[in-house]
file target13.txt (compact mmCIF, C-alpha atoms)
# COMPACT_ATOMS: atom_id res chain seq x y z
CA MET A 1 25.71 130.01 -336.01
CA SER A 2 23.17 130.18 -333.26
CA GLN A 3 19.55 129.18 -333.30
CA VAL A 4 17.03 130.74 -330.94
CA LEU A 5 13.59 129.32 -330.30
CA GLY A 6 11.34 131.32 -328.00
CA LYS A 7 7.63 130.73 -327.99
CA PRO A 8 5.61 132.00 -325.06
CA GLN A 9 1.94 131.15 -325.45
CA PRO A 10 -1.11 132.81 -323.89
CA GLU A 11 -2.53 131.05 -320.85
CA ASP A 12 -6.07 130.77 -319.60
CA GLU A 13 -7.05 132.27 -316.27
CA ASP A 14 -7.36 128.90 -314.52
CA ASP A 15 -3.74 128.06 -315.32
CA ASP A 16 -2.64 131.42 -313.95
CA GLU A 17 -4.45 130.82 -310.70
CA GLU A 18 -3.00 127.33 -310.40
CA GLU A 19 0.49 128.62 -311.05
CA ASP A 20 0.19 131.31 -308.38
CA GLU A 21 -1.07 128.76 -305.92
CA LEU A 22 1.84 126.44 -306.60
CA VAL A 23 4.52 129.08 -306.55
CA GLY A 24 3.03 130.86 -303.59
CA LEU A 25 3.48 134.36 -304.95
CA ALA A 26 0.05 135.58 -303.94
CA ASP A 27 1.26 136.48 -300.47
CA TYR A 28 4.24 138.40 -301.87
CA GLY A 29 2.27 140.68 -304.15
CA ASP A 30 1.11 144.23 -303.71
CA GLY A 31 -2.12 143.31 -301.98
CA PRO A 32 -2.84 144.08 -298.37
CA ASP A 33 -2.25 140.48 -297.37
CA SER A 34 1.36 140.71 -298.46
CA SER A 35 2.31 143.10 -295.68
CA ASP A 36 3.55 142.03 -292.30
CA ALA A 37 2.66 145.36 -290.86
CA ASP A 38 -0.17 145.68 -288.43
CA PRO A 39 -3.06 147.22 -290.36
CA ASP A 40 -3.74 149.53 -287.45
CA SER A 41 -0.18 150.68 -287.03
CA GLY A 42 -0.12 152.99 -290.06
CA ALA A 43 2.98 151.25 -291.41
CA GLU A 44 3.65 151.34 -295.10
CA GLU A 45 2.00 148.55 -297.09
CA GLY A 46 4.33 145.74 -298.09
CA VAL A 47 7.21 146.92 -295.90
CA LEU A 48 8.10 145.17 -292.68
CA ASP A 49 8.25 147.07 -289.43
CA PHE A 50 11.84 148.28 -288.98
CA SER A 51 11.89 147.53 -285.24
CA ASP A 52 10.05 144.22 -285.52
CA PRO A 53 12.13 141.42 -283.94
CA PHE A 54 10.50 138.85 -286.23
CA SER A 55 10.74 140.81 -289.49
CA THR A 56 14.08 139.33 -290.59
CA GLU A 57 12.61 135.84 -290.58
CA VAL A 58 10.54 136.84 -293.60
CA LYS A 59 12.52 139.49 -295.44
CA PRO A 60 16.19 140.00 -294.44
CA ARG A 61 18.00 143.27 -295.05
CA ILE A 62 21.11 143.81 -297.14
CA LEU A 63 23.04 146.97 -296.26
CA LEU A 64 25.14 148.74 -298.90
CA MET A 65 27.85 150.77 -297.18
CA GLY A 66 31.07 152.48 -298.12
CA LEU A 67 32.65 155.88 -298.60
CA ARG A 68 31.21 158.53 -300.91
CA ARG A 69 31.49 157.88 -304.66
CA SER A 70 32.51 154.26 -304.14
CA GLY A 71 29.75 153.06 -306.47
CA LYS A 72 27.02 151.80 -304.11
CA SER A 73 24.04 153.36 -305.88
CA SER A 74 25.40 152.39 -309.29
CA ILE A 75 25.56 148.74 -308.20
CA GLN A 76 21.95 148.82 -307.06
CA LYS A 77 20.73 150.49 -310.25
CA VAL A 78 22.59 148.14 -312.60
CA VAL A 79 21.67 144.91 -310.81
CA PHE A 80 18.05 145.57 -309.87
CA HIS A 81 16.91 148.29 -312.28
CA LYS A 82 18.65 147.16 -315.50
CA MET A 83 20.27 150.58 -315.87
CA SER A 84 23.05 150.79 -318.41
CA PRO A 85 26.47 151.15 -316.72
CA ASN A 86 27.16 154.28 -318.77
CA GLU A 87 23.99 155.92 -317.44
CA THR A 88 25.25 155.60 -313.86
CA LEU A 89 27.80 158.32 -314.63
CA PHE A 90 24.93 160.80 -314.33
CA LEU A 91 23.64 159.58 -310.95
CA GLU A 92 23.72 162.16 -308.21
CA SER A 93 25.47 161.36 -304.96
CA THR A 94 23.13 159.74 -302.43
CA ASN A 95 22.38 162.12 -299.55
CA LYS A 96 19.87 160.07 -297.57
CA ILE A 97 19.23 156.44 -296.68
CA CYS A 98 17.41 154.74 -299.55
CA ARG A 99 15.39 151.62 -298.82
CA GLU A 100 14.07 149.33 -301.53
CA ASP A 101 12.19 146.03 -301.44
CA VAL A 102 13.38 143.32 -303.81
CA SER A 103 10.61 140.75 -304.26
CA ASN A 104 11.33 139.08 -307.58
CA SER A 105 10.54 135.57 -306.38
CA SER A 106 9.78 133.68 -303.22
CA PHE A 107 13.48 132.88 -302.90
CA VAL A 108 14.73 136.39 -303.63
CA ASN A 109 12.93 138.52 -301.06
CA PHE A 110 14.95 141.10 -299.17
CA GLN A 111 15.35 144.81 -298.54
CA ILE A 112 18.34 146.80 -299.75
CA TRP A 113 19.41 149.80 -297.67
CA ASP A 114 21.76 152.17 -299.48
CA PHE A 115 23.66 154.32 -296.97
CA PRO A 116 25.25 157.61 -298.02
CA GLY A 117 28.98 157.63 -297.45
CA GLN A 118 28.91 160.96 -295.64
CA ILE A 119 26.45 159.86 -292.91
CA ASP A 120 28.00 158.92 -289.60
CA PHE A 121 25.49 156.35 -288.46
CA PHE A 122 27.55 155.72 -285.31
CA ASP A 123 26.58 159.15 -284.04
CA PRO A 124 25.02 158.82 -280.54
CA THR A 125 21.73 160.19 -281.89
CA PHE A 126 21.58 157.41 -284.52
CA ASP A 127 20.32 154.02 -283.34
CA TYR A 128 22.67 151.76 -285.29
CA GLU A 129 21.74 148.75 -283.16
CA MET A 130 18.24 148.87 -284.63
CA ILE A 131 19.72 148.65 -288.13
CA PHE A 132 22.18 145.81 -287.57
CA ARG A 133 19.77 143.74 -285.49
CA GLY A 134 17.67 142.85 -288.53
CA THR A 135 20.43 142.63 -291.14
CA GLY A 136 21.23 139.48 -293.11
CA ALA A 137 24.23 140.76 -295.06
CA LEU A 138 26.41 143.85 -294.96
CA ILE A 139 28.09 144.76 -298.24
CA PHE A 140 30.96 147.22 -297.88
CA VAL A 141 32.05 148.75 -301.20
CA ILE A 142 35.68 149.85 -301.63
CA ASP A 143 36.82 151.88 -304.62
CA SER A 144 39.89 150.00 -305.87
CA GLN A 145 41.04 152.97 -307.97
CA ASP A 146 41.23 155.29 -304.95
CA ASP A 147 43.33 155.33 -301.79
CA TYR A 148 41.51 152.72 -299.71
CA MET A 149 43.15 153.31 -296.31
CA GLU A 150 40.24 155.44 -295.09
CA ALA A 151 37.81 152.86 -296.47
CA LEU A 152 39.57 150.07 -294.57
CA ALA A 153 39.35 152.07 -291.34
CA ARG A 154 35.61 152.61 -291.88
CA LEU A 155 35.20 148.92 -292.77
CA HIS A 156 36.85 147.85 -289.52
CA LEU A 157 34.71 150.20 -287.45
CA THR A 158 31.52 149.12 -289.21
CA VAL A 159 32.20 145.39 -288.96
CA THR A 160 33.20 145.44 -285.30
CA ARG A 161 30.15 147.49 -284.26
CA ALA A 162 27.79 145.37 -286.35
CA TYR A 163 29.19 142.08 -285.04
CA LYS A 164 28.60 143.14 -281.43
CA VAL A 165 24.93 143.71 -282.25
CA ASN A 166 24.35 140.74 -284.57
CA THR A 167 26.82 137.85 -284.84
CA ASP A 168 24.83 136.28 -287.69
CA ILE A 169 25.53 139.03 -290.26
CA ASN A 170 27.36 137.95 -293.42
CA PHE A 171 30.12 140.47 -294.10
CA GLU A 172 30.83 140.96 -297.82
CA VAL A 173 33.51 143.27 -299.24
CA PHE A 174 33.17 144.40 -302.87
CA ILE A 175 36.50 145.59 -304.24
CA HIS A 176 34.82 147.71 -306.87
CA LYS A 177 35.71 149.50 -310.12
CA VAL A 178 38.36 146.92 -311.02
CA ASP A 179 37.60 147.38 -314.74
CA GLY A 180 40.26 150.09 -314.79
CA LEU A 181 42.98 147.80 -313.36
CA SER A 182 45.24 145.28 -315.04
CA ASP A 183 44.90 141.61 -314.06
CA ASP A 184 48.08 141.72 -311.98
CA HIS A 185 46.97 144.92 -310.26
CA LYS A 186 43.57 143.35 -309.46
CA ILE A 187 45.18 140.38 -307.74
CA GLU A 188 47.63 142.58 -305.83
CA THR A 189 44.87 144.97 -304.71
CA GLN A 190 42.67 142.13 -303.51
CA ARG A 191 45.58 140.52 -301.63
CA ASP A 192 46.51 143.81 -299.96
CA ILE A 193 42.95 144.67 -298.90
CA HIS A 194 42.33 141.11 -297.71
CA GLN A 195 45.49 141.09 -295.59
CA ARG A 196 45.02 144.56 -294.09
CA ALA A 197 41.36 144.01 -293.23
CA ASN A 198 42.01 140.65 -291.55
CA ASP A 199 45.09 141.96 -289.75
CA ASP A 200 42.98 144.77 -288.27
CA LEU A 201 40.44 142.23 -287.01
CA ALA A 202 43.19 140.01 -285.59
CA ASP A 203 44.71 142.97 -283.73
CA ALA A 204 41.29 143.60 -282.18
CA GLY A 205 40.95 139.94 -281.16
CA LEU A 206 38.11 139.33 -283.64
CA GLU A 207 39.64 136.59 -285.80
CA LYS A 208 36.32 134.71 -285.77
CA ILE A 209 34.72 137.39 -287.98
CA HIS A 210 34.77 136.14 -291.57
CA LEU A 211 35.01 138.60 -294.45
CA SER A 212 34.27 137.53 -298.03
CA PHE A 213 36.00 139.48 -300.81
CA TYR A 214 34.86 139.95 -304.41
CA LEU A 215 36.38 141.79 -307.38
CA THR A 216 33.50 143.64 -309.01
CA SER A 217 32.67 146.01 -311.84
CA ILE A 218 29.36 147.20 -313.29
CA TYR A 219 30.86 146.98 -316.79
CA ASP A 220 30.92 143.17 -316.81
CA HIS A 221 29.03 140.33 -315.14
CA SER A 222 31.25 140.22 -312.05
CA ILE A 223 28.82 142.37 -310.05
CA PHE A 224 25.95 139.98 -310.84
CA GLU A 225 28.00 136.95 -309.83
CA ALA A 226 29.09 138.61 -306.58
CA PHE A 227 25.51 139.57 -305.71
CA SER A 228 24.41 136.03 -306.55
CA LYS A 229 26.77 134.62 -303.93
CA VAL A 230 25.62 137.20 -301.38
CA VAL A 231 21.94 136.39 -301.94
CA GLN A 232 22.53 132.63 -301.88
CA LYS A 233 23.73 132.87 -298.28
CA LEU A 234 20.33 134.32 -297.36
CA ILE A 235 18.35 131.45 -298.91
CA PRO A 236 17.65 128.76 -296.31
CA GLN A 237 16.58 126.32 -299.04
CA LEU A 238 19.94 126.54 -300.86
CA PRO A 239 21.18 123.00 -299.96
CA THR A 240 17.86 121.56 -301.15
CA LEU A 241 18.03 123.46 -304.45
CA GLU A 242 21.64 122.41 -305.07
CA ASN A 243 20.77 118.80 -304.34
CA LEU A 244 17.84 118.91 -306.78
CA LEU A 245 20.09 120.39 -309.48
CA ASN A 246 22.74 117.71 -308.89
CA ILE A 247 20.16 114.96 -309.27
CA PHE A 248 18.74 116.61 -312.38
CA ILE A 249 22.05 116.98 -314.27
CA SER A 250 23.37 113.56 -313.29
CA ASN A 251 20.28 111.84 -314.69
CA SER A 252 20.00 114.01 -317.81
CA GLY A 253 23.56 114.12 -319.17
CA ILE A 254 23.78 117.88 -318.54
CA GLU A 255 27.15 119.50 -317.91
CA LYS A 256 26.04 122.58 -315.94
CA ALA A 257 22.76 124.06 -314.73
CA PHE A 258 21.80 127.38 -313.15
CA LEU A 259 18.57 128.46 -311.48
CA PHE A 260 18.22 132.13 -312.41
CA ASP A 261 16.09 134.97 -311.19
CA VAL A 262 15.05 136.34 -314.58
CA VAL A 263 14.54 139.95 -313.50
CA SER A 264 17.92 140.58 -311.88
CA LYS A 265 19.97 137.79 -313.57
CA ILE A 266 21.10 136.64 -310.15
CA TYR A 267 21.52 132.89 -310.02
CA ILE A 268 20.05 131.67 -306.77
CA ALA A 269 21.47 128.15 -307.07
CA THR A 270 23.67 125.97 -309.25
CA ASP A 271 24.97 122.42 -309.12
CA SER A 272 28.13 121.40 -307.28
CA THR A 273 30.46 121.71 -310.29
CA PRO A 274 32.64 124.86 -310.36
CA VAL A 275 31.21 128.03 -311.89
CA ASP A 276 33.06 129.38 -314.91
CA MET A 277 32.73 133.12 -315.50
CA GLN A 278 32.31 132.69 -319.25
CA THR A 279 29.56 130.14 -318.71
CA TYR A 280 27.73 132.51 -316.40
CA GLU A 281 28.02 135.37 -318.91
CA LEU A 282 26.54 133.17 -321.64
CA CYS A 283 23.57 132.40 -319.40
CA CYS A 284 22.97 136.09 -318.70
CA ASP A 285 23.18 136.91 -322.42
CA MET A 286 20.72 134.12 -323.20
CA ILE A 287 18.17 135.47 -320.71
CA ASP A 288 18.48 138.93 -322.30
CA VAL A 289 17.97 137.47 -325.79
CA VAL A 290 14.91 135.44 -324.75
CA ILE A 291 13.23 138.36 -322.97
CA ASP A 292 13.98 140.83 -325.79
CA ILE A 293 12.66 138.51 -328.52
CA SER A 294 9.63 137.57 -326.42
CA CYS A 295 8.80 141.24 -325.88
CA ILE A 296 8.72 141.68 -329.67
CA TYR A 297 7.06 138.47 -330.82
CA GLY A 298 5.56 136.90 -327.70
CA LEU A 299 2.91 139.48 -326.84
CA LYS A 300 -0.56 139.75 -328.34
CA GLU A 301 -1.36 142.38 -330.94
CA ASP A 302 -2.83 144.68 -328.30
CA GLY A 303 0.30 144.28 -326.17
CA ALA A 304 -1.47 142.14 -323.58
CA GLY A 305 0.20 139.23 -321.85
CA THR A 306 3.69 138.82 -320.43
CA PRO A 307 6.93 138.24 -322.34
CA TYR A 308 7.89 135.43 -319.95
CA ASP A 309 5.39 132.77 -318.91
CA LYS A 310 5.18 129.03 -318.25
CA GLU A 311 5.38 128.22 -321.98
CA SER A 312 8.67 130.10 -322.40
CA THR A 313 11.53 127.96 -323.65
CA ALA A 314 14.65 128.61 -325.69
CA ILE A 315 17.37 126.60 -327.40
CA ILE A 316 20.64 128.20 -328.55
CA LYS A 317 23.09 125.99 -330.42
CA LEU A 318 26.67 127.24 -330.23
CA ASN A 319 29.38 126.49 -332.77
CA ASN A 320 31.38 124.38 -330.28
CA THR A 321 28.87 121.47 -330.12
CA THR A 322 27.29 122.94 -326.99
CA VAL A 323 23.59 123.64 -326.58
CA LEU A 324 22.10 126.20 -324.18
CA TYR A 325 18.65 125.15 -323.00
CA LEU A 326 16.33 127.49 -321.06
CA LYS A 327 13.07 126.42 -319.43
CA GLU A 328 10.62 128.35 -317.26
CA VAL A 329 10.40 127.09 -313.66
CA THR A 330 8.17 129.76 -312.17
CA LYS A 331 7.08 133.16 -313.46
CA PHE A 332 10.29 134.63 -312.00
CA LEU A 333 12.74 131.72 -312.19
CA ALA A 334 14.37 130.02 -315.18
CA LEU A 335 16.57 126.95 -315.49
CA VAL A 336 19.49 127.41 -317.89
CA CYS A 337 21.46 124.27 -318.85
CA PHE A 338 24.64 123.52 -320.79
CA VAL A 339 24.30 120.31 -322.80
CA ARG A 340 26.48 118.57 -325.36
CA GLU A 341 24.79 118.06 -328.73
CA GLU A 342 24.99 114.28 -328.45
CA SER A 343 23.30 114.42 -325.03
CA PHE A 344 20.66 116.83 -326.30
CA GLU A 345 19.50 114.17 -328.76
CA ARG A 346 17.74 112.67 -325.73
CA LYS A 347 15.67 115.81 -325.28
CA GLY A 348 12.64 113.77 -324.25
CA LEU A 349 14.52 112.41 -321.25
CA ILE A 350 15.74 115.89 -320.32
CA ASP A 351 12.20 117.30 -320.54
CA TYR A 352 10.78 114.51 -318.39
CA ASN A 353 13.48 115.03 -315.74
CA PHE A 354 12.85 118.77 -315.91
CA HIS A 355 9.15 118.16 -315.27
CA CYS A 356 10.08 116.22 -312.11
CA PHE A 357 12.55 118.96 -311.10
CA ARG A 358 9.97 121.70 -311.62
CA LYS A 359 7.43 119.82 -309.53
CA ALA A 360 9.97 119.46 -306.72
CA ILE A 361 10.76 123.19 -306.84
CA HIS A 362 7.07 123.99 -306.49
CA GLU A 363 6.89 121.72 -303.45
CA VAL A 364 9.79 123.64 -301.90
CA PHE A 365 7.85 126.86 -302.54
CA GLU A 366 4.77 125.43 -300.86
CA VAL A 367 6.73 124.48 -297.75
CA ARG A 368 8.33 127.92 -297.68
CA MET A 369 4.96 129.66 -297.92
CA LYS A 370 3.54 127.60 -295.07
CA VAL A 371 6.50 128.63 -292.91
CA VAL A 372 6.11 132.29 -293.92
CA LYS A 373 2.39 132.30 -293.14
CA SER A 374 3.06 130.67 -289.77
CA ARG A 375 5.68 133.30 -288.92
CA LYS A 376 3.37 136.09 -290.01
CA ALA A 377 0.73 134.75 -287.62
CA GLN A 378 3.31 134.57 -284.82
CA ASN A 379 4.47 138.07 -285.72
CA ARG A 380 0.98 139.56 -285.40
CA LEU A 381 0.36 137.66 -282.17
CA GLN A 382 3.65 138.95 -280.76
CA LYS A 383 2.77 142.54 -281.66
CA LYS A 384 -0.48 142.23 -279.77
CA LYS A 385 1.28 140.85 -276.70
CA GLY A 386 4.02 143.46 -276.91
CA ALA A 387 7.78 143.23 -276.60
CA THR A 388 10.41 144.37 -274.14
CA PRO A 389 12.24 147.68 -274.84
CA ASN A 390 15.28 145.85 -276.24
CA GLY A 391 13.15 144.11 -278.85
CA THR A 392 13.10 140.60 -277.36
CA PRO A 393 9.73 138.88 -277.06
CA ARG A 394 8.04 138.53 -273.72
CA VAL A 395 6.83 135.05 -274.60
CA LEU A 396 9.14 132.56 -276.30
CA LEU A 397 7.45 131.07 -279.37

call {"tool": "encode", "arguments": {"input": "target13.txt", "output": "structure tokens"}}
result
Amino acid sequence: MSQVLGKPQPEDEDDDEEEDELVGLADYGDGPDSSDADPDSGAEEGVLDFSDPFSTEVKPRILLMGLRRSGKSSIQKVVFHKMSPNETLFLESTNKICREDVSNSSFVNFQIWDFPGQIDFFDPTFDYEMIFRGTGALIFVIDSQDDYMEALARLHLTVTRAYKVNTDINFEVFIHKVDGLSDDHKIETQRDIHQRANDDLADAGLEKIHLSFYLTSIYDHSIFEAFSKVVQKLIPQLPTLENLLNIFISNSGIEKAFLFDVVSKIYIATDSTPVDMQTYELCCDMIDVVIDISCIYGLKEDGAGTPYDKESTAIIKLNNTTVLYLKEVTKFLALVCFVREESFERKGLIDYNFHCFRKAIHEVFEVRMKVVKSRKAQNRLQKKKGATPNGTPRVLL
């Protein structure tokens, strides 16, 4: 038997303005101030200049690469567009580079570049150095149900070229479509790909390149968990967030806590205890339940308002003496906790500690926004002064 309590309440305009000021989302909106582009340059609003040497300091890029039909576009649609996995069967093959901004919260701000498998971006006429120079993570998708020898060769070529341009790239390998494999076959496939890929790097004298491997499928939550770990590496405030979560659970009698991006169901931070896949799936299901119920009962009669706001909270009591507790942190972030029923009897203590945690998160946002604004100012100043042909600034800032 499960009990769900979700009660978003309407807010007055002053509270909305205060919330935006605390969270610092005003500068990440659709307004003209949110763009790093020079207003006179004719660049697209809200999109950073591709060749800008400072652009990655504000919004890093994640590249999705792999052979044709490996599942790159399906991953993007399922994770960031809430498309049903079955609907991806009708997606057409990508035939051009697709760029999309992901700006769900101040911690989850990046661009995703989906590369068609048939494009040879190492062609002399294609400036691949410009792409890799501003990249935070490179995700290479391998179809585990297909012969992956050609994919491994392309992976090696891509990684070695990218590393020569940018040694700070995080290289992530998604061993995809594992839903059609048995558990033993999954482990064997991962071991084989891991060994072959690292052997190729060792033969080239590039042992210092680190590859991270993930077993993924769009038909379960493995793709969300893998993307969560990729995004976490791009969050400079991650140690601070983990420390705050550790302090929160240790003083509240909580077993496990996640800080979720509500839109994509990516968890941007968790405490130091190990992550259990079943626990993560329960959290994702809880977010879906809260949003769906709030969309039905949480809006005004005329449909005004938002289904998720600062009054949103939910309690789900499971039949194994465990309580799931969700609280709104910002308009895009939610804290989901696992609590024993006996510990949840001290709900007042948990709520007080959550209030302190939420205040600390807002302070982290404020610091982040000050840094972003400072870098934007430096960025505009640098554009006015100009840069050398290779993209390095003339004046060190």

call {"tool": "closest_residue", "arguments": {"input": "target13.txt", "among": "A:Arg380, A:Arg191, A:Lys310, A:Lys186", "to": "Leu333 (chain A)", "atoms": "only C-alpha atoms"}}
result
A:Lys310

call {"tool": "atom_distance", "arguments": {"input": "target13.txt", "atom1": "CA of Phe227 (chain A)", "atom2": "CA of Gly253 (chain A)"}}
result
28.9 Å

call {"tool": "atom_distance", "arguments": {"input": "target13.txt", "atom1": "CA of Asn353 (chain A)", "atom2": "CA of Val262 (chain A)"}}
result
21.4 Å

call {"tool": "closest_residue", "arguments": {"input": "target13.txt", "among": "A:Ile235, A:Val165, A:Ile268, A:Leu152", "to": "Asp192 (chain A)", "atoms": "all atoms listed in the file"}}
result
A:Leu152

call {"tool": "atom_distance", "arguments": {"input": "target13.txt", "atom1": "CA of Asp146 (chain A)", "atom2": "CA of Ser217 (chain A)"}}
result
14.4 Å

call {"tool": "residues_near_point", "arguments": {"input": "target13.txt", "point": "(9.5, 127.4, -295.7)", "cutoff": "12 Å", "atoms": "all atoms listed in the file", "output": "list of chain:residue names"}}
result
A:Gly24, A:Glu57, A:Val58, A:Ser106, A:Phe107, A:Ile235, A:Pro236, A:Gln237, A:Leu238, A:Thr240, A:Ile361, A:His362, A:Glu363, A:Val364, A:Phe365, A:Glu366, A:Val367, A:Arg368, A:Met369, A:Lys370, A:Val371, A:Val372, A:Lys373, A:Ser374, A:Arg375

call {"tool": "residues_around", "arguments": {"input": "target13.txt", "residues": "region 70-77 of chain A", "least_positions_apart": "6", "cutoff": "8 Å", "atoms": "all atoms listed in the file", "output": "number ranges by chain"}}
result
A: 64, 83, 85, 88, 91, 94, 114, 141-143, 176-177, 218, 223

call {"tool": "build_atoms", "arguments": {"input": "target13.txt", "residues": "region 223-237 of chain A", "atoms": "N, CA, C and O atoms", "output": "compact mmCIF listing (two decimals), in the coordinates of the input"}}
result
# COMPACT_ATOMS: atom_id res chain seq x y z
N ILE A 223 29.68 141.84 -311.11
CA ILE A 223 28.82 142.37 -310.05
C ILE A 223 27.60 141.47 -309.86
O ILE A 223 27.12 141.27 -308.73
N PHE A 224 27.10 140.88 -310.95
CA PHE A 224 25.95 139.98 -310.84
C PHE A 224 26.35 138.68 -310.14
O PHE A 224 25.61 138.14 -309.32
N GLU A 225 27.54 138.19 -310.47
CA GLU A 225 28.00 136.95 -309.83
C GLU A 225 28.24 137.17 -308.34
O GLU A 225 27.88 136.33 -307.51
N ALA A 226 28.84 138.32 -307.99
CA ALA A 226 29.09 138.61 -306.58
C ALA A 226 27.78 138.72 -305.81
O ALA A 226 27.63 138.17 -304.71
N PHE A 227 26.80 139.43 -306.38
CA PHE A 227 25.51 139.57 -305.71
C PHE A 227 24.80 138.23 -305.62
O PHE A 227 24.08 137.96 -304.65
N SER A 228 25.01 137.37 -306.61
CA SER A 228 24.41 136.03 -306.55
C SER A 228 24.91 135.28 -305.32
O SER A 228 24.13 134.66 -304.59
N LYS A 229 26.20 135.34 -305.07
CA LYS A 229 26.77 134.62 -303.93
C LYS A 229 26.32 135.23 -302.61
O LYS A 229 26.17 134.52 -301.61
N VAL A 230 26.12 136.55 -302.60
CA VAL A 230 25.62 137.20 -301.38
C VAL A 230 24.19 136.74 -301.08
O VAL A 230 23.85 136.38 -299.95
N VAL A 231 23.35 136.75 -302.13
CA VAL A 231 21.94 136.39 -301.94
C VAL A 231 21.80 134.91 -301.58
O VAL A 231 20.95 134.54 -300.78
N GLN A 232 22.63 134.06 -302.17
CA GLN A 232 22.53 132.63 -301.88
C GLN A 232 22.69 132.33 -300.40
O GLN A 232 22.06 131.41 -299.87
N LYS A 233 23.53 133.10 -299.72
CA LYS A 233 23.73 132.87 -298.28
C LYS A 233 22.49 133.20 -297.47
O LYS A 233 22.38 132.77 -296.32
N LEU A 234 21.55 133.95 -298.05
CA LEU A 234 20.33 134.32 -297.36
C LEU A 234 19.17 133.39 -297.68
O LEU A 234 18.06 133.60 -297.19
N ILE A 235 19.41 132.38 -298.51
CA ILE A 235 18.35 131.45 -298.91
C ILE A 235 18.47 130.18 -298.08
O ILE A 235 19.39 129.39 -298.27
N PRO A 236 17.55 129.95 -297.15
CA PRO A 236 17.65 128.76 -296.31
C PRO A 236 17.47 127.46 -297.08
O PRO A 236 17.93 126.41 -296.65
N GLN A 237 16.82 127.53 -298.25
CA GLN A 237 16.58 126.32 -299.04
C GLN A 237 17.72 126.00 -299.99
O GLN A 237 17.62 125.07 -300.81
